[in-house]
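Source file query32.txt; content: compact mmCIF, C-alpha atoms.
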# COMPACT_ATOMS: atom_id res chain seq x y z
CA MET V 61 -12.74 19.63 -16.01
CA LYS V 62 -10.11 21.21 -18.20
CA VAL V 63 -9.83 19.55 -21.60
CA ILE V 64 -7.63 19.64 -24.69
CA ILE V 65 -9.07 19.11 -28.17
CA THR V 66 -7.22 18.49 -31.42
CA GLY V 67 -8.86 18.61 -34.83
CA ALA V 68 -11.39 21.30 -33.86
CA THR V 69 -11.41 22.65 -37.42
CA GLY V 70 -12.82 19.30 -38.60
CA MET V 71 -16.34 17.99 -38.31
CA VAL V 72 -15.87 15.68 -35.34
CA GLY V 73 -13.59 18.01 -33.42
CA LYS V 74 -15.94 20.94 -33.92
CA GLY V 75 -18.83 18.88 -32.62
CA VAL V 76 -16.86 17.86 -29.53
CA LEU V 77 -15.78 21.46 -28.99
CA LEU V 78 -19.34 22.82 -29.02
CA GLU V 79 -20.51 20.24 -26.48
CA CYS V 80 -17.56 21.01 -24.21
CA LEU V 81 -18.24 24.75 -24.34
CA ASP V 82 -21.88 24.15 -23.43
CA HIS V 83 -21.21 21.64 -20.63
CA ALA V 84 -21.42 22.93 -17.07
CA GLU V 85 -18.60 20.67 -15.83
CA VAL V 86 -16.08 21.75 -18.45
CA GLU V 87 -14.40 24.92 -17.24
CA GLN V 88 -11.71 25.36 -19.90
CA VAL V 89 -11.06 24.09 -23.42
CA LEU V 90 -7.63 24.30 -25.01
CA LEU V 91 -7.43 23.89 -28.78
CA ILE V 92 -4.22 22.94 -30.56
CA ASN V 93 -4.70 24.22 -34.10
CA ARG V 94 -2.73 25.34 -37.11
CA ARG V 95 -5.05 28.28 -37.58
CA ILE V 96 -7.42 30.30 -35.44
CA ILE V 97 -11.02 29.16 -35.54
CA ASP V 98 -13.86 31.62 -36.00
CA LEU V 99 -15.30 31.24 -32.51
CA LYS V 100 -15.07 33.24 -29.29
CA HIS V 101 -16.02 31.91 -25.86
CA PRO V 102 -14.94 32.61 -22.27
CA LYS V 103 -13.87 28.98 -21.80
CA LEU V 104 -11.84 28.82 -24.99
CA VAL V 105 -8.06 29.02 -25.22
CA GLU V 106 -6.25 28.50 -28.52
CA VAL V 107 -2.66 27.50 -29.12
CA ILE V 108 -1.50 27.94 -32.70
CA HIS V 109 1.07 25.27 -33.50
CA THR V 110 2.37 24.18 -36.89
CA ASP V 111 4.80 21.31 -36.18
CA PHE V 112 2.70 18.39 -35.00
CA SER V 113 5.74 16.13 -34.91
CA ASP V 114 7.18 18.08 -31.97
CA TYR V 115 5.26 19.80 -29.18
CA THR V 116 8.26 21.09 -27.24
CA ALA V 117 7.49 24.72 -28.08
CA ILE V 118 4.07 24.60 -26.39
CA VAL V 119 4.75 22.15 -23.57
CA ASP V 120 4.19 24.70 -20.80
CA GLU V 121 0.70 25.41 -22.12
CA LEU V 122 -0.36 21.74 -21.92
CA LYS V 123 0.02 21.29 -18.17
CA GLY V 124 -2.84 20.80 -15.75
CA TYR V 125 -5.48 19.22 -17.99
CA ASP V 126 -7.88 16.41 -17.11
CA ALA V 127 -8.66 15.06 -20.58
CA ALA V 128 -7.54 15.16 -24.20
CA TYR V 129 -9.97 14.51 -27.01
CA LEU V 130 -7.87 13.55 -30.02
CA CYS V 131 -10.03 14.24 -33.07
CA MET V 132 -7.32 15.20 -35.55
CA GLY V 133 -7.31 13.16 -38.74
CA VAL V 134 -7.37 13.16 -42.51
CA SER V 135 -8.86 11.03 -45.24
CA ALA V 136 -6.47 8.41 -46.62
CA ALA V 137 -7.55 9.22 -50.17
CA GLY V 138 -4.56 10.24 -52.26
CA LEU V 139 -2.01 9.59 -49.52
CA ASP V 140 0.62 6.86 -49.47
CA GLU V 141 1.16 4.85 -46.30
CA THR V 142 4.23 6.83 -45.22
CA ARG V 143 2.45 10.19 -45.30
CA TYR V 144 -0.77 8.83 -43.84
CA THR V 145 1.19 7.21 -41.01
CA GLU V 146 2.95 10.47 -40.26
CA ILE V 147 -0.30 12.42 -39.96
CA THR V 148 -2.44 9.75 -38.34
CA TYR V 149 0.01 7.87 -36.14
CA LEU V 150 3.08 10.00 -35.44
CA PHE V 151 1.30 13.30 -34.83
CA THR V 152 -1.09 11.63 -32.39
CA ILE V 153 1.44 9.47 -30.57
CA ASN V 154 3.94 12.30 -30.18
CA LEU V 155 1.25 14.45 -28.60
CA ALA V 156 0.10 11.61 -26.35
CA LYS V 157 3.66 11.01 -25.13
CA THR V 158 4.03 14.70 -24.35
CA LEU V 159 0.71 14.79 -22.51
CA TYR V 160 1.53 11.66 -20.51
CA GLY V 161 4.73 13.27 -19.30
CA LEU V 162 2.74 16.27 -18.09
CA ASN V 163 -0.62 14.82 -17.04
CA PRO V 164 -0.37 11.02 -16.53
CA LYS V 165 -3.70 10.88 -14.68
CA MET V 166 -5.66 12.38 -17.55
CA THR V 167 -8.24 10.63 -19.75
CA ILE V 168 -7.63 10.45 -23.48
CA THR V 169 -10.08 9.59 -26.21
CA TYR V 170 -9.07 8.93 -29.79
CA VAL V 171 -11.39 8.93 -32.80
CA SER V 172 -10.58 6.20 -35.31
CA GLY V 173 -13.46 4.54 -37.13
CA GLN V 174 -15.40 1.37 -37.79
CA GLY V 175 -13.23 -1.15 -39.58
CA THR V 176 -10.07 -0.19 -37.70
CA ASP V 177 -7.70 -3.16 -37.74
CA SER V 178 -6.39 -4.00 -34.27
CA SER V 179 -4.20 -6.77 -35.71
CA GLU V 180 -2.32 -4.15 -37.82
CA LYS V 181 -2.02 -6.81 -40.55
CA GLY V 182 -5.10 -6.36 -42.74
CA ARG V 183 -5.27 -5.29 -46.38
CA MET V 184 -6.69 -1.81 -45.76
CA MET V 185 -3.86 0.66 -45.21
CA TRP V 186 -5.87 3.20 -43.22
CA ALA V 187 -7.27 0.50 -40.96
CA ARG V 188 -3.80 -0.85 -40.14
CA VAL V 189 -2.48 2.60 -39.30
CA LYS V 190 -5.50 3.44 -37.16
CA GLY V 191 -5.15 0.08 -35.43
CA ARG V 192 -1.51 0.74 -34.63
CA THR V 193 -2.43 4.15 -33.26
CA GLU V 194 -5.14 2.70 -31.04
CA ASN V 195 -2.89 -0.09 -29.79
CA ASP V 196 -0.04 2.21 -28.85
CA LEU V 197 -2.34 4.66 -27.11
CA LEU V 198 -3.83 1.83 -25.07
CA LYS V 199 -0.34 0.69 -24.05
CA MET V 200 0.34 4.04 -22.41
CA ALA V 201 -0.46 4.22 -18.73
CA PHE V 202 -2.99 7.03 -18.81
CA SER V 203 -5.62 6.91 -16.08
CA GLN V 204 -8.20 6.16 -18.78
CA ALA V 205 -7.97 5.68 -22.54
CA PHE V 206 -10.91 5.12 -24.90
CA MET V 207 -10.89 4.48 -28.63
CA PHE V 208 -13.99 5.75 -30.40
CA ARG V 209 -15.00 3.92 -33.58
CA PRO V 210 -17.98 5.79 -35.02
CA GLY V 211 -19.38 4.69 -38.33
CA THR V 212 -21.63 7.12 -40.13
CA ILE V 213 -21.72 10.50 -38.38
CA ILE V 214 -24.48 13.07 -38.78
CA PRO V 215 -23.22 16.65 -38.30
CA LEU V 216 -25.47 18.88 -36.22
CA ARG V 217 -25.46 22.52 -35.12
CA GLY V 218 -24.49 23.83 -38.54
CA ILE V 219 -21.25 21.84 -38.68
CA ARG V 220 -19.89 21.00 -42.12
CA SER V 221 -17.23 18.49 -43.09
CA SER V 222 -13.91 19.90 -44.27
CA THR V 223 -13.63 16.91 -46.63
CA LYS V 224 -15.42 17.87 -49.85
CA LEU V 225 -16.46 14.31 -50.70
CA TYR V 226 -18.01 13.76 -47.29
CA GLN V 227 -19.84 17.07 -47.45
CA PHE V 228 -21.18 16.12 -50.88
CA PHE V 229 -22.78 13.05 -49.31
CA TYR V 230 -24.24 15.12 -46.49
CA ASP V 231 -25.63 17.68 -48.94
CA TYR V 232 -27.21 15.22 -51.35
CA LEU V 233 -27.56 11.87 -49.56
CA MET V 234 -28.64 12.81 -46.05
CA TRP V 235 -31.96 11.11 -46.79
CA LEU V 236 -30.05 7.84 -47.18
CA ILE V 237 -28.13 8.34 -43.93
CA LYS V 238 -31.39 9.02 -42.11
CA PHE V 239 -32.91 5.91 -43.65
CA ILE V 240 -29.95 3.86 -42.41
CA LYS V 241 -30.46 5.40 -38.97
CA PHE V 242 -34.13 4.42 -39.12
CA ILE V 243 -33.52 0.76 -39.98
CA ALA V 244 -30.32 0.38 -37.91
CA PRO V 245 -30.49 3.01 -35.16
CA ASN V 246 -27.37 1.78 -33.38
CA SER V 247 -25.15 2.21 -36.44
CA VAL V 248 -25.26 6.00 -36.79
CA VAL V 249 -24.20 8.70 -34.31
CA ASN V 250 -24.24 12.47 -34.48
CA THR V 251 -21.63 15.03 -33.49
CA THR V 252 -23.50 15.99 -30.32
CA GLN V 253 -23.57 12.38 -29.15
CA LEU V 254 -19.84 12.04 -29.82
CA GLY V 255 -19.05 15.09 -27.72
CA LEU V 256 -21.31 14.07 -24.85
CA ALA V 257 -19.91 10.53 -24.88
CA MET V 258 -16.35 11.82 -24.53
CA ILE V 259 -17.28 14.06 -21.62
CA ASN V 260 -19.25 11.28 -19.92
CA VAL V 261 -16.56 8.60 -20.17
CA THR V 262 -14.08 11.09 -18.75
CA LYS V 263 -16.35 11.65 -15.76
CA ALA V 264 -17.71 8.15 -15.20
CA GLY V 265 -15.51 5.71 -17.12
CA PHE V 266 -16.87 2.97 -19.35
CA ASN V 267 -16.80 -0.81 -19.39
CA LYS V 268 -15.02 -1.00 -22.76
CA LYS V 269 -11.83 0.54 -24.09
CA ILE V 270 -12.96 0.42 -27.73
CA LEU V 271 -16.38 1.94 -28.33
CA SER V 272 -18.60 0.99 -31.26
CA PRO V 273 -21.40 3.28 -32.48
CA LYS V 274 -23.81 1.53 -30.10
CA ASP V 275 -21.41 2.07 -27.20
CA ILE V 276 -21.03 5.74 -28.11
CA LEU V 277 -24.81 6.14 -28.04
CA ILE V 278 -24.94 4.52 -24.60
CA ALA V 279 -22.06 6.64 -23.29
CA SER V 280 -23.73 9.83 -24.54
CA LYS V 281 -26.60 9.19 -22.10
CA LEU V 282 -24.59 8.34 -18.96

Exercise: express the given structure as structure tokens:
Amino acid sequence: MKVIITGATGMVGKGVLLECLDHAEVEQVLLINRRIIDLKHPKLVEVIHTDFSDYTAIVDELKGYDAAYLCMGVSAAGLDETRYTEITYLFTINLAKTLYGLNPKMTITYVSGQGTDSSEKGRMMWARVKGRTENDLLKMAFSQAFMFRPGTIIPLRGIRSSTKLYQFFYDYLMWLIKFIKFIAPNSVVNTTQLGLAMINVTKAGFNKKILSPKDILIASKL
């Protein structure tokens, strides 16, 4: 498989990237980033792109891929709905439209989160925007489309969150996350499981379009 990953400088995207580089059935990984990552690998190709509202300048480099793992995202903290919608919804949908025009038979996965509001009418701004993004991705006629809704995520393989608040919790409250995992094992996933789940649903499909943490754990073992 040849796959595209966005958000590889973030915790989830980095986790997915590492699993793709290690996987025998992934032959090439294309990253769309604003800056070069500190990683070299024979499978890795990087495209540096700054305008995520328009992918015209790199369209020729996006052809011929089997899957796109859309992991790009930001925290809603400190952002109004207009700006959060631009980053979360428009950047993702514009890329998806471009990819569909080039590779309509590809699989896409999108990382949203538990609590995402499919009705698009709830009180939580981030949940409405994520819900709208999921809904519009599912309306596209890709060969396969899966929405990943992880809850608590444990970073492995030395990965750190680029969000300072999240990293604070990982640094000082990992004991609590592990306790939650102990008492509710299906509520917590790690970055390795996320990456393996994306690869596996690309290869084998899945019986749900929206995957909960429990579904992600199942898909990681397919």

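Each of V:Thr251, V:Ser178, V:Ser203, V:Thr69 was checked against V:Ala128 using all atoms listed in the file; the smallest atom-to-atom distance is that of V:Ser203.
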
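For V:Met207, the list of residues within 8 Å, based on all atoms listed in the file and with local chain neighbours fewer than 3 positions off taken out, reads V:Thr169, V:Tyr170, V:Val171, V:Ser172, V:Glu194, V:Lys269, V:Ile270, V:Leu271.
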
Inset, instruction - Name the closest residue to V:Val189 among the candidates V:Phe202, V:Tyr160, V:Phe208, V:Tyr149; distances are taken between atoms, counting all atoms listed in the file. - result: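 The shortest atom-to-atom distance to V:Val189 comes from V:Tyr149.
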
Inset, instruction - Dig up all the protein and nucleic acid residues within 8 Å of (-19.2, 7.9, -20.9) in the file frame, using all atoms listed in the file, and format them as a PyMOL selection string. - result: chain V and resi 256-266+276+278-282

Inset, instruction - Extract, using all atoms listed in the file, all DNA, RNA and protein residues at most 6 Å from V:Val63, discarding same-chain residues fewer than 3 positions from it, and format them as a list in words. - result: Val89, Tyr125, Asp126, Ala127 and Ala128 of chain V

Those same residues - C-alpha atoms - I'd like them written as a PDB file, keeping the file's coordinate frame.
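Resulting contents of again26.pdb:
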ATOM      1  CA  VAL V  89     -11.060  24.090 -23.420  1.00  0.00           C
ATOM      2  CA  TYR V 125      -5.480  19.220 -17.990  1.00  0.00           C
ATOM      3  CA  ASP V 126      -7.880  16.410 -17.110  1.00  0.00           C
ATOM      4  CA  ALA V 127      -8.660  15.060 -20.580  1.00  0.00           C
ATOM      5  CA  ALA V 128      -7.540  15.160 -24.200  1.00  0.00           C
TER       6      ALA V 128
END

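If you measure from each of V:Asp120, V:Tyr129, V:Ala201, V:Met71 to V:Leu91 using only C-alpha atoms, the closest one turns out to be V:Tyr129.
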
Legend entry - Residues within 8 Å of stretch 94-100 of chain V, only C-alpha atoms, excluding chain neighbours under 2 positions, as a PyMOL selection string: chain V and resi 69+92+102+104+106+108-110

Inset, instruction - Point out the residue among V:Trp186, V:Tyr115, V:Trp235, V:Phe242 with the least atom-to-atom distance to V:Ala136, counting all atoms listed in the file. - result: V:Trp186

Inset, instruction - Kindly indicate which residue among V:Ile214, V:Asp177, V:Ile153, V:Leu159 lies nearest to V:Asp196, using all atoms listed in the file for the distances. - result: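 Of the candidates, the smallest distance to V:Asp196 is held by V:Ile153.
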
Inset, instruction - Considering all atoms listed in the file, state which residue in the set V:Ala187, V:Val105, V:Leu197, V:Leu122 is at the smallest distance from V:Leu162. - result: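 Closest to V:Leu162, using all atoms listed in the file: V:Leu122.
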
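Distance-wise, atom CA of V:Ile64 and atom CA of V:Leu130 end up 8.1 Å apart.
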
Dump of stretch 232-266 of chain V from preceding block, N, CA and C atoms, as a CSV table (one decimal), in the first residue's frame:
chain,number,residue,atom,x,y,z
V,232,TYR,N,2.5,13.8,34.4
V,232,TYR,CA,2.2,13.7,35.8
V,232,TYR,C,1.0,12.9,36.2
V,233,LEU,N,0.1,12.5,35.3
V,233,LEU,CA,-1.1,11.8,35.6
V,233,LEU,C,-1.2,10.5,34.8
V,234,MET,N,-0.1,10.0,34.3
V,234,MET,CA,-0.1,8.7,33.6
V,234,MET,C,-0.6,7.6,34.5
V,235,TRP,N,-0.3,7.6,35.8
V,235,TRP,CA,-0.8,6.6,36.7
V,235,TRP,C,-2.3,6.6,36.7
V,236,LEU,N,-3.0,7.7,36.5
V,236,LEU,CA,-4.4,7.8,36.5
V,236,LEU,C,-5.0,7.2,35.2
V,237,ILE,N,-4.3,7.5,34.1
V,237,ILE,CA,-4.7,6.9,32.8
V,237,ILE,C,-4.6,5.4,32.8
V,238,LYS,N,-3.5,4.9,33.4
V,238,LYS,CA,-3.3,3.5,33.5
V,238,LYS,C,-4.3,2.8,34.4
V,239,PHE,N,-4.7,3.5,35.4
V,239,PHE,CA,-5.8,3.0,36.3
V,239,PHE,C,-7.1,2.9,35.5
V,240,ILE,N,-7.4,3.9,34.8
V,240,ILE,CA,-8.6,3.9,33.9
V,240,ILE,C,-8.6,2.7,33.0
V,241,LYS,N,-7.4,2.5,32.4
V,241,LYS,CA,-7.2,1.4,31.5
V,241,LYS,C,-7.5,0.1,32.2
V,242,PHE,N,-7.0,0.0,33.4
V,242,PHE,CA,-7.2,-1.2,34.2
V,242,PHE,C,-8.7,-1.5,34.5
V,243,ILE,N,-9.4,-0.5,34.9
V,243,ILE,CA,-10.8,-0.7,35.3
V,243,ILE,C,-11.8,-0.7,34.1
V,244,ALA,N,-11.3,0.0,33.0
V,244,ALA,CA,-12.2,0.0,31.8
V,244,ALA,C,-11.3,-0.2,30.6
V,245,PRO,N,-10.8,-1.4,30.3
V,245,PRO,CA,-9.8,-1.6,29.3
V,245,PRO,C,-10.2,-1.2,27.9
V,246,ASN,N,-11.5,-1.2,27.6
V,246,ASN,CA,-12.0,-0.8,26.3
V,246,ASN,C,-12.1,0.7,26.1
V,247,SER,N,-11.7,1.5,27.0
V,247,SER,CA,-11.9,2.9,26.9
V,247,SER,C,-10.7,3.7,26.6
V,248,VAL,N,-9.5,3.0,26.6
V,248,VAL,CA,-8.2,3.6,26.3
V,248,VAL,C,-7.5,2.9,25.2
V,249,VAL,N,-6.9,3.6,24.3
V,249,VAL,CA,-6.1,3.1,23.2
V,249,VAL,C,-4.7,3.7,23.3
V,250,ASN,N,-3.8,3.1,22.6
V,250,ASN,CA,-2.5,3.7,22.5
V,250,ASN,C,-2.2,4.0,21.0
V,251,THR,N,-1.1,4.8,20.8
V,251,THR,CA,-0.8,5.2,19.4
V,251,THR,C,-0.4,4.1,18.5
V,252,THR,N,0.2,3.0,19.0
V,252,THR,CA,0.4,1.8,18.2
V,252,THR,C,-0.9,1.2,17.7
V,253,GLN,N,-1.8,1.1,18.6
V,253,GLN,CA,-3.1,0.5,18.2
V,253,GLN,C,-3.9,1.3,17.2
V,254,LEU,N,-3.8,2.6,17.3
V,254,LEU,CA,-4.4,3.5,16.4
V,254,LEU,C,-3.8,3.3,15.0
V,255,GLY,N,-2.5,3.2,14.9
V,255,GLY,CA,-1.8,3.0,13.6
V,255,GLY,C,-2.2,1.7,13.0
V,256,LEU,N,-2.1,0.6,13.8
V,256,LEU,CA,-2.4,-0.7,13.3
V,256,LEU,C,-3.9,-0.8,12.8
V,257,ALA,N,-4.8,-0.2,13.6
V,257,ALA,CA,-6.2,-0.2,13.2
V,257,ALA,C,-6.4,0.4,11.9
V,258,MET,N,-5.7,1.6,11.6
V,258,MET,CA,-5.9,2.2,10.3
V,258,MET,C,-5.4,1.4,9.2
V,259,ILE,N,-4.3,0.8,9.4
V,259,ILE,CA,-3.7,-0.1,8.3
V,259,ILE,C,-4.7,-1.3,8.1
V,260,ASN,N,-5.2,-1.9,9.2
V,260,ASN,CA,-6.0,-3.1,9.1
V,260,ASN,C,-7.3,-2.8,8.4
V,261,VAL,N,-8.0,-1.7,8.7
V,261,VAL,CA,-9.3,-1.4,8.1
V,261,VAL,C,-9.1,-1.1,6.6
V,262,THR,N,-7.9,-0.5,6.3
V,262,THR,CA,-7.6,-0.3,4.9
V,262,THR,C,-7.6,-1.6,4.1
V,263,LYS,N,-6.9,-2.6,4.7
V,263,LYS,CA,-6.7,-3.9,4.1
V,263,LYS,C,-8.0,-4.7,4.1
V,264,ALA,N,-8.7,-4.8,5.2
V,264,ALA,CA,-9.7,-5.7,5.4
V,264,ALA,C,-11.1,-5.2,5.6
V,265,GLY,N,-11.2,-3.8,5.7
V,265,GLY,CA,-12.5,-3.2,5.9
V,265,GLY,C,-12.9,-3.4,7.4
V,266,PHE,N,-14.1,-2.9,7.7
V,266,PHE,CA,-14.6,-3.0,9.1
V,266,PHE,C,-16.2,-2.9,9.0
